[in-house]
Each structure stands twice: as C-alpha cells, then as structure tokens.
Amino acid sequence: MYPSPISIAIPSYGWIAFLSYDVKSSMSTLFKARLHSPVDKISPIARNLKAKEIHCSDRIIFLVSHSGPIKAIEFIEGSISIKTITSKLRKKKDVIEQAEKLHVRSTGTVAEIRARLLTYIRTLMGKYSENHVTTGAIHFWDRDSQPSFEAMLCVTSELLYAADNTQKAIVSFQVKKDGVGLKGVNEQVIVQYKPDWLRINSMCLCDRSIFIYHCQGIVQINADNGECRLLVRLLNQPCVLTKFGSDVLFTNEKKSSVWHLKASGELDVFAGSDNEEGSIDGLVKNCRLKQPI
C-alpha cells in the first residue's frame, strides 16, 4: 500500500510517523500509524512535501529536505500553536500556565487571561503575515536571509543540530515556541564543512559526538571542540544513521544491510547480509533487505 517509505520516527507513545515517496511527483506524504499487531489506523497527516527525512520530539514532527528550511508539523494539537486550544482551556491553573509561558499577564479571571492570550496570538499572527513568515517552518527572525538545511537531528524539541548548507557548517541552535510558530535562535557553528564534504546526508548524536554521513563515509565530530575523524570510508554508498545505545546503526542501501558501528570504529553487520539483497522476514542475521532506510 505504501511502496516507497523513506523515513520513520516515533512522535508519541504507541504511534509511528513515516514518509512515503512518490517517484512520479518527486513529493512525499507524511503518514501516522498506530503500533499494533498489525499496524493500524494509518492516515495521512500532510501531503505534497519536499522532505527526505523526519525527526520527532515533544509531539512535534520535524522535516528536512535536500535543501531548504526545517519544517515542523504538530502531531498533537497545541504542540506548536496554542490558537485552537486556548479557547478550550477551562481550569484556571492551565490558563495561567499558558500565559506565564508566553510572558502574558496572568492575573484576573479565566476569561480575562484567555482574552489576553487571544489578543497576543492575533497580534503575533499579524507580525508573521507582515513579515511574510510561514508558521510551518522554523524561522530565524534575526537573520536577513533564511538558512537552508540538508540534514538534522533532535536533542530535544528545543535544541537541534543541523547541516547548514548555506554557510557550509554543522551548527546547533535553540528552538523557541512563541504560541504561533517556532523561532530559531542562538545558532552556533560546531565545525565548517571539510573540502570533501560535498553533501551531508544523515546525522545522529551519541553522548557528545555527532556522527555524519557524507559522500566519502562516516565522520565522528566532537560536539565540544569540533574535532573530526573519518571512522568508515564508504564512497558514494547512501547511508542513514541512528543512535543505538552508545553506538551507531546505519543502513547501507547498496549493500542492502544494516550495520553496527562502535565509537572505536569497529564495524559489523547488524541485520541482513552484506552481499545478498531480498525481502525475507526473520532474525536479524537471517532476514534479507532491499534498500533499507
């Protein structure tokens, strides 16, 4: 039913989100599905997306393409925008909590506080419109031109690392919720791209090390001082990285397998085979994969 899944993540307990790629339109559709036996309640969240991977944190789904802004979609209503949930708040402690988060005066009756929140939201939405800012992407208000990203990872919903292909650097930045959208602030360069880092395809974080895959292989970056070392040379072998305890798992599409990489550089096959593709269910060493993601 969904022939081309290209990325998967967990937005909330008991649920998965995944991208399905349409080769005819070169666009993706974002789906959600309940983890059940079998998976059920499959439904689309967003269509016609230019996205290659998704990441989730705090019930927010972040999407990144080969080049462009980092987009964000609520998995649960109110995860980003409070516009629709403000009128539904009934308990005074909930209304006060929401007002204090946004630095809106929180004294008075529930109706008075809610009215101030709605005024705040309308005013801010006017500012977004005036500055031609969309609420569906992280916007850097302190920059004249918006950065373009090609890979990312979530530490939390408020701290991201990303490959900024505008300034050719691995960066960190904070994400602030203002009640309407998401603001990118305090962007810091971790390390500039090296000459052979033509494109960053995937990233993950283990302890204080950032692991990236580019066209030459997998590199480990010290997040504190930016020191880099090439761990695995994989010339033009598309890979997707993910954290696995204190180690890294990565898919290798050309070898139709999933590999286990230790920080020491030790490497072995985790699932599938390094010389045989297929589509066979089974234990990790007995199963066979085709273009694993």
# chains A, B, ... in the order shown; residues from 1 in each chain; ligands from 1
call {"tool": "residues_around", "arguments": {"residues": "segment 102-109 of chain A", "least_positions_apart": "2", "cutoff": "12 Å", "atoms": "only C-alpha atoms", "output": "PyMOL selection string"}}
result
chain A and resi 81-82+90-100+111-121+124+176-180
call {"tool": "residues_around", "arguments": {"residues": "Val219 of chain A", "least_positions_apart": "3", "cutoff": "6 Å", "atoms": "only C-alpha atoms", "output": "ChimeraX atom specification"}}
result
/A:211-212,229-231
call {"tool": "write_last_selection", "arguments": {"atoms": "all heavy atoms", "output": "PDB file, in the first residue's frame"}}
result
ATOM      1  N   PHE A 211      27.706  12.143  14.684  1.00  0.00           N
ATOM      2  CA  PHE A 211      28.123  11.302  13.572  1.00  0.00           C
ATOM      3  C   PHE A 211      27.393  11.778  12.315  1.00  0.00           C
ATOM      4  O   PHE A 211      26.185  11.985  12.346  1.00  0.00           O
ATOM      5  CB  PHE A 211      27.800   9.834  13.845  1.00  0.00           C
ATOM      6  CG  PHE A 211      28.592   9.240  14.970  1.00  0.00           C
ATOM      7  CD1 PHE A 211      28.200   9.426  16.294  1.00  0.00           C
ATOM      8  CD2 PHE A 211      29.749   8.509  14.723  1.00  0.00           C
ATOM      9  CE1 PHE A 211      28.931   8.894  17.339  1.00  0.00           C
ATOM     10  CE2 PHE A 211      30.490   7.965  15.765  1.00  0.00           C
ATOM     11  CZ  PHE A 211      30.080   8.154  17.078  1.00  0.00           C
ATOM     12  N   ILE A 212      28.148  11.962  11.245  1.00  0.00           N
ATOM     13  CA  ILE A 212      27.543  12.396   9.991  1.00  0.00           C
ATOM     14  C   ILE A 212      27.958  11.446   8.878  1.00  0.00           C
ATOM     15  O   ILE A 212      29.020  10.815   8.933  1.00  0.00           O
ATOM     16  CB  ILE A 212      27.939  13.839   9.607  1.00  0.00           C
ATOM     17  CG1 ILE A 212      29.446  13.916   9.311  1.00  0.00           C
ATOM     18  CG2 ILE A 212      27.551  14.822  10.690  1.00  0.00           C
ATOM     19  CD1 ILE A 212      29.879  15.215   8.657  1.00  0.00           C
ATOM     20  N   ARG A 229      37.055  13.023  12.818  1.00  0.00           N
ATOM     21  CA  ARG A 229      37.841  11.890  12.322  1.00  0.00           C
ATOM     22  C   ARG A 229      36.948  10.982  11.491  1.00  0.00           C
ATOM     23  O   ARG A 229      35.786  10.740  11.830  1.00  0.00           O
ATOM     24  CB  ARG A 229      38.513  11.109  13.448  1.00  0.00           C
ATOM     25  CG  ARG A 229      37.574  10.399  14.405  1.00  0.00           C
ATOM     26  CD  ARG A 229      38.357   9.566  15.407  1.00  0.00           C
ATOM     27  NE  ARG A 229      37.504   8.888  16.359  1.00  0.00           N
ATOM     28  CZ  ARG A 229      37.638   7.613  16.696  1.00  0.00           C
ATOM     29  NH1 ARG A 229      38.609   6.884  16.166  1.00  0.00           N
ATOM     30  NH2 ARG A 229      36.828   7.062  17.578  1.00  0.00           N
ATOM     31  N   LEU A 230      37.501  10.512  10.383  1.00  0.00           N
ATOM     32  CA  LEU A 230      36.779   9.598   9.500  1.00  0.00           C
ATOM     33  C   LEU A 230      36.825   8.200  10.103  1.00  0.00           C
ATOM     34  O   LEU A 230      37.893   7.638  10.301  1.00  0.00           O
ATOM     35  CB  LEU A 230      37.403   9.603   8.105  1.00  0.00           C
ATOM     36  CG  LEU A 230      36.741   8.705   7.062  1.00  0.00           C
ATOM     37  CD1 LEU A 230      35.345   9.209   6.726  1.00  0.00           C
ATOM     38  CD2 LEU A 230      37.602   8.639   5.791  1.00  0.00           C
ATOM     39  N   LEU A 231      35.632   7.645  10.414  1.00  0.00           N
ATOM     40  CA  LEU A 231      35.560   6.314  11.016  1.00  0.00           C
ATOM     41  C   LEU A 231      35.425   5.214   9.976  1.00  0.00           C
ATOM     42  O   LEU A 231      36.034   4.153  10.096  1.00  0.00           O
ATOM     43  CB  LEU A 231      34.374   6.232  11.984  1.00  0.00           C
ATOM     44  CG  LEU A 231      34.485   6.967  13.314  1.00  0.00           C
ATOM     45  CD1 LEU A 231      33.216   6.754  14.127  1.00  0.00           C
ATOM     46  CD2 LEU A 231      35.693   6.500  14.110  1.00  0.00           C
TER      47      LEU A 231
END
call {"tool": "select_by_dssp", "arguments": {"residues": "segment 21-252 of chain A", "states": "strand (DSSP E)", "output": "PyMOL selection string"}}
result
chain A and resi 21-22+27-34+40-49+53-57+60-64+71-74+138-139+149-156+159-164+169-177+182-192+200-206+209-214+217-222+228-233+239-244+247-252
call {"tool": "atom_distance", "arguments": {"atom1": "atom CA of Val258 of chain A", "atom2": "atom CA of Leu235 of chain A"}}
result
16.6 Å
call {"tool": "residues_around", "arguments": {"residues": "Ile200 of chain A", "least_positions_apart": "5", "cutoff": "9 Å", "atoms": "only C-alpha atoms", "output": "list in words"}}
result
Glu150, Ala151, Ala163, Asn165, Ile212, Tyr213, His214 and Cys215 of chain A
call {"tool": "write_last_selection", "arguments": {"atoms": "N, CA, C and O atoms", "output": "compact mmCIF listing (two decimals), in the first residue's frame"}}
result
# COMPACT_ATOMS: atom_id res chain seq x y z
N GLU A 150 20.27 20.57 5.04
CA GLU A 150 20.20 19.32 4.28
C GLU A 150 20.19 18.09 5.18
O GLU A 150 20.02 16.97 4.69
N ALA A 151 20.35 18.25 6.48
CA ALA A 151 20.24 17.14 7.44
C ALA A 151 20.10 17.74 8.83
O ALA A 151 20.45 18.91 9.05
N ALA A 163 22.87 20.41 9.48
CA ALA A 163 23.86 20.70 8.45
C ALA A 163 23.35 21.89 7.64
O ALA A 163 22.40 21.75 6.86
N ASN A 165 23.65 24.14 4.79
CA ASN A 165 24.40 24.20 3.53
C ASN A 165 24.45 25.61 2.96
O ASN A 165 25.00 25.82 1.88
N ILE A 212 28.15 11.96 11.25
CA ILE A 212 27.54 12.40 9.99
C ILE A 212 27.96 11.45 8.88
O ILE A 212 29.02 10.81 8.93
N TYR A 213 27.08 11.32 7.86
CA TYR A 213 27.47 10.60 6.65
C TYR A 213 27.50 11.60 5.50
O TYR A 213 26.55 12.36 5.29
N HIS A 214 28.63 11.61 4.77
CA HIS A 214 28.71 12.37 3.52
C HIS A 214 29.23 11.41 2.44
O HIS A 214 29.39 10.21 2.69
N CYS A 215 29.48 11.91 1.26
CA CYS A 215 29.77 11.03 0.12
C CYS A 215 31.05 10.22 0.28
O CYS A 215 31.26 9.24 -0.45
call {"tool": "atom_distance", "arguments": {"atom1": "atom CA of Lys52 of chain A", "atom2": "atom CA of Thr156 of chain A"}}
result
20.2 Å
call {"tool": "residues_around", "arguments": {"residues": "Glu227 of chain A", "least_positions_apart": "6", "cutoff": "12 Å", "atoms": "only C-alpha atoms", "output": "list in words"}}
result
Ile170, Ile190, Val191, Gln192, Tyr193, Lys194, Arg208, Ser209, Ile210, Phe211, Val219, Gln220 and Ile221 of chain A
call {"tool": "write_last_selection", "arguments": {"atoms": "N, CA, C and O atoms", "output": "tab-separated table (two decimals), in the first residue's frame"}}
result
chain	number	residue	atom	x	y	z
A	170	ILE	N	28.26	22.54	10.22
A	170	ILE	CA	27.41	21.84	11.18
A	170	ILE	C	27.15	22.83	12.31
A	170	ILE	O	28.08	23.40	12.88
A	190	ILE	N	29.50	24.54	14.91
A	190	ILE	CA	30.31	23.49	15.55
A	190	ILE	C	31.57	23.24	14.75
A	190	ILE	O	32.68	23.22	15.28
A	191	VAL	N	31.41	23.09	13.42
A	191	VAL	CA	32.56	22.88	12.54
A	191	VAL	C	32.14	23.21	11.11
A	191	VAL	O	31.01	22.97	10.71
A	192	GLN	N	33.06	23.81	10.36
A	192	GLN	CA	32.82	24.06	8.94
A	192	GLN	C	32.99	22.77	8.14
A	192	GLN	O	33.73	21.88	8.55
A	193	TYR	N	32.27	22.66	7.04
A	193	TYR	CA	32.44	21.50	6.15
A	193	TYR	C	33.91	21.42	5.72
A	193	TYR	O	34.55	22.43	5.45
A	194	LYS	N	34.41	20.21	5.62
A	194	LYS	CA	35.73	19.98	5.03
A	194	LYS	C	35.57	19.97	3.50
A	194	LYS	O	34.48	19.80	2.97
A	208	ARG	N	28.55	12.92	23.44
A	208	ARG	CA	28.93	14.25	22.97
A	208	ARG	C	29.57	14.19	21.59
A	208	ARG	O	30.32	15.08	21.20
A	209	SER	N	29.24	13.16	20.83
A	209	SER	CA	29.76	13.02	19.47
A	209	SER	C	28.63	13.09	18.46
A	209	SER	O	27.60	12.44	18.62
A	210	ILE	N	28.85	13.88	17.41
A	210	ILE	CA	27.94	13.94	16.27
A	210	ILE	C	28.52	13.05	15.18
A	210	ILE	O	29.70	13.18	14.83
A	211	PHE	N	27.71	12.14	14.68
A	211	PHE	CA	28.12	11.30	13.57
A	211	PHE	C	27.39	11.78	12.32
A	211	PHE	O	26.19	11.99	12.35
A	219	VAL	N	31.78	10.22	9.54
A	219	VAL	CA	32.72	11.03	10.31
A	219	VAL	C	32.18	11.24	11.72
A	219	VAL	O	30.98	11.44	11.91
A	220	GLN	N	33.06	11.17	12.70
A	220	GLN	CA	32.72	11.47	14.09
A	220	GLN	C	33.22	12.87	14.42
A	220	GLN	O	34.38	13.20	14.17
A	221	ILE	N	32.33	13.71	14.97
A	221	ILE	CA	32.67	15.09	15.32
A	221	ILE	C	32.48	15.29	16.81
A	221	ILE	O	31.43	14.95	17.36
call {"tool": "closest_residue", "arguments": {"among": "A:Asp224, A:Gln174, A:Asn236, A:Val23", "to": "Leu198 of chain A", "atoms": "only C-alpha atoms"}}
result
A:Asn236
call {"tool": "residues_around", "arguments": {"residues": "Val284 of chain A", "least_positions_apart": "4", "cutoff": "10 Å", "atoms": "only C-alpha atoms", "output": "list in words"}}
result
Ser257, Val258, Val269, Phe270, Ala271, Gly272, Ser273 and Arg288 of chain A
call {"tool": "residues_around", "arguments": {"residues": "Phe31 of chain A", "least_positions_apart": "5", "cutoff": "6 Å", "atoms": "only C-alpha atoms", "output": "list in words"}}
result
Ala17, Phe18, Ser43, Pro44 and Ile45 of chain A
call {"tool": "closest_residue", "arguments": {"among": "A:Thr251, A:Ser25, A:Ser65, A:Asn186", "to": "Glu158 of chain A", "atoms": "only C-alpha atoms"}}
result
A:Asn186
call {"tool": "closest_residue", "arguments": {"among": "A:Asp164, A:Asp274, A:Asp58, A:Glu77", "to": "Gln146 of chain A", "atoms": "only C-alpha atoms"}}
result
A:Asp164
call {"tool": "atom_distance", "arguments": {"atom1": "atom CA of Thr123 of chain A", "atom2": "atom CA of Ile73 of chain A"}}
result
22.0 Å
call {"tool": "residues_around", "arguments": {"residues": "Ser246 of chain A", "least_positions_apart": "5", "cutoff": "9 Å", "atoms": "only C-alpha atoms", "output": "list of chain:residue names"}}
result
A:Cys206, A:Asp207, A:Lys262, A:Ala263
call {"tool": "closest_residue", "arguments": {"among": "A:Ala51, A:Ile76, A:Leu283, A:Leu63", "to": "Tyr13 of chain A", "atoms": "only C-alpha atoms"}}
result
A:Ile76
call {"tool": "select_by_dssp", "arguments": {"residues": "segment 9-212 of chain A", "states": "helix (DSSP H, G or I)", "output": "MDAnalysis selection string"}}
result
chainID A and resid 83:86 92:101 110:130
call {"tool": "decode", "arguments": {"residues": "segment 104-117 of chain A", "atoms": "all heavy atoms", "output": "compact mmCIF listing (two decimals), in the first residue's frame"}}
result
# COMPACT_ATOMS: atom_id res chain seq x y z
N VAL A 104 2.67 36.53 29.17
CA VAL A 104 1.43 37.32 29.13
C VAL A 104 0.92 37.46 30.56
O VAL A 104 1.00 36.51 31.34
CB VAL A 104 0.37 36.62 28.25
CG1 VAL A 104 -0.98 37.33 28.33
CG2 VAL A 104 0.84 36.55 26.80
N ARG A 105 0.40 38.65 30.91
CA ARG A 105 -0.06 38.88 32.30
C ARG A 105 -1.09 37.83 32.70
O ARG A 105 -2.06 37.58 32.00
CB ARG A 105 -0.64 40.29 32.42
CG ARG A 105 -0.98 40.68 33.87
CD ARG A 105 -1.02 42.20 34.01
NE ARG A 105 -2.06 42.79 33.19
CZ ARG A 105 -3.31 43.00 33.61
NH1 ARG A 105 -3.66 42.66 34.86
NH2 ARG A 105 -4.21 43.56 32.82
N SER A 106 -0.84 37.19 33.85
CA SER A 106 -1.65 36.03 34.25
C SER A 106 -2.55 36.29 35.45
O SER A 106 -2.99 35.36 36.12
CB SER A 106 -0.72 34.84 34.56
OG SER A 106 0.19 35.17 35.59
N THR A 107 -2.84 37.56 35.74
CA THR A 107 -3.74 37.88 36.85
C THR A 107 -5.15 38.11 36.31
O THR A 107 -5.35 38.41 35.13
CB THR A 107 -3.28 39.14 37.60
OG1 THR A 107 -3.20 40.24 36.67
CG2 THR A 107 -1.92 38.92 38.24
N GLY A 108 -6.15 37.96 37.18
CA GLY A 108 -7.54 38.18 36.79
C GLY A 108 -8.30 36.88 36.65
O GLY A 108 -7.85 35.80 37.07
N THR A 109 -9.47 36.97 36.07
CA THR A 109 -10.32 35.80 35.89
C THR A 109 -9.84 34.96 34.71
O THR A 109 -9.02 35.42 33.90
CB THR A 109 -11.78 36.20 35.65
OG1 THR A 109 -11.84 36.90 34.39
CG2 THR A 109 -12.29 37.11 36.76
N VAL A 110 -10.37 33.75 34.59
CA VAL A 110 -10.04 32.87 33.46
C VAL A 110 -10.38 33.57 32.15
O VAL A 110 -9.59 33.55 31.20
CB VAL A 110 -10.80 31.53 33.57
CG1 VAL A 110 -10.67 30.73 32.28
CG2 VAL A 110 -10.28 30.72 34.75
N ALA A 111 -11.54 34.20 32.08
CA ALA A 111 -11.96 34.88 30.86
C ALA A 111 -11.01 36.02 30.49
O ALA A 111 -10.69 36.22 29.31
CB ALA A 111 -13.38 35.40 31.01
N GLU A 112 -10.55 36.76 31.50
CA GLU A 112 -9.64 37.90 31.24
C GLU A 112 -8.28 37.41 30.74
O GLU A 112 -7.72 37.98 29.79
CB GLU A 112 -9.48 38.72 32.51
CG GLU A 112 -10.73 39.53 32.89
CD GLU A 112 -10.62 40.16 34.27
OE1 GLU A 112 -9.82 39.67 35.11
OE2 GLU A 112 -11.33 41.15 34.52
N ILE A 113 -7.76 36.37 31.36
CA ILE A 113 -6.45 35.84 30.94
C ILE A 113 -6.56 35.26 29.54
O ILE A 113 -5.69 35.48 28.68
CB ILE A 113 -5.94 34.78 31.93
CG1 ILE A 113 -5.83 35.36 33.34
CG2 ILE A 113 -4.58 34.25 31.49
CD1 ILE A 113 -5.56 34.33 34.42
N ARG A 114 -7.65 34.53 29.28
CA ARG A 114 -7.84 33.94 27.96
C ARG A 114 -7.95 35.03 26.90
O ARG A 114 -7.42 34.89 25.79
CB ARG A 114 -9.09 33.06 27.95
CG ARG A 114 -9.24 32.26 26.65
CD ARG A 114 -10.56 31.52 26.58
NE ARG A 114 -10.64 30.48 27.57
CZ ARG A 114 -11.57 30.42 28.52
NH1 ARG A 114 -12.50 31.37 28.59
NH2 ARG A 114 -11.60 29.42 29.37
N ALA A 115 -8.63 36.11 27.21
CA ALA A 115 -8.77 37.22 26.26
C ALA A 115 -7.40 37.82 25.94
O ALA A 115 -7.12 38.17 24.79
CB ALA A 115 -9.71 38.28 26.84
N ARG A 116 -6.54 37.97 26.97
CA ARG A 116 -5.18 38.50 26.72
C ARG A 116 -4.39 37.54 25.83
O ARG A 116 -3.64 37.99 24.95
CB ARG A 116 -4.45 38.70 28.05
CG ARG A 116 -4.98 39.83 28.89
CD ARG A 116 -4.05 40.12 30.06
NE ARG A 116 -4.80 40.71 31.17
CZ ARG A 116 -5.11 40.09 32.29
NH1 ARG A 116 -4.69 38.85 32.49
NH2 ARG A 116 -5.81 40.69 33.22
N LEU A 117 -4.53 36.25 26.06
CA LEU A 117 -3.83 35.27 25.23
C LEU A 117 -4.28 35.36 23.78
O LEU A 117 -3.45 35.34 22.86
CB LEU A 117 -4.08 33.85 25.77
CG LEU A 117 -3.28 33.44 27.01
CD1 LEU A 117 -3.83 32.14 27.59
CD2 LEU A 117 -1.80 33.28 26.66
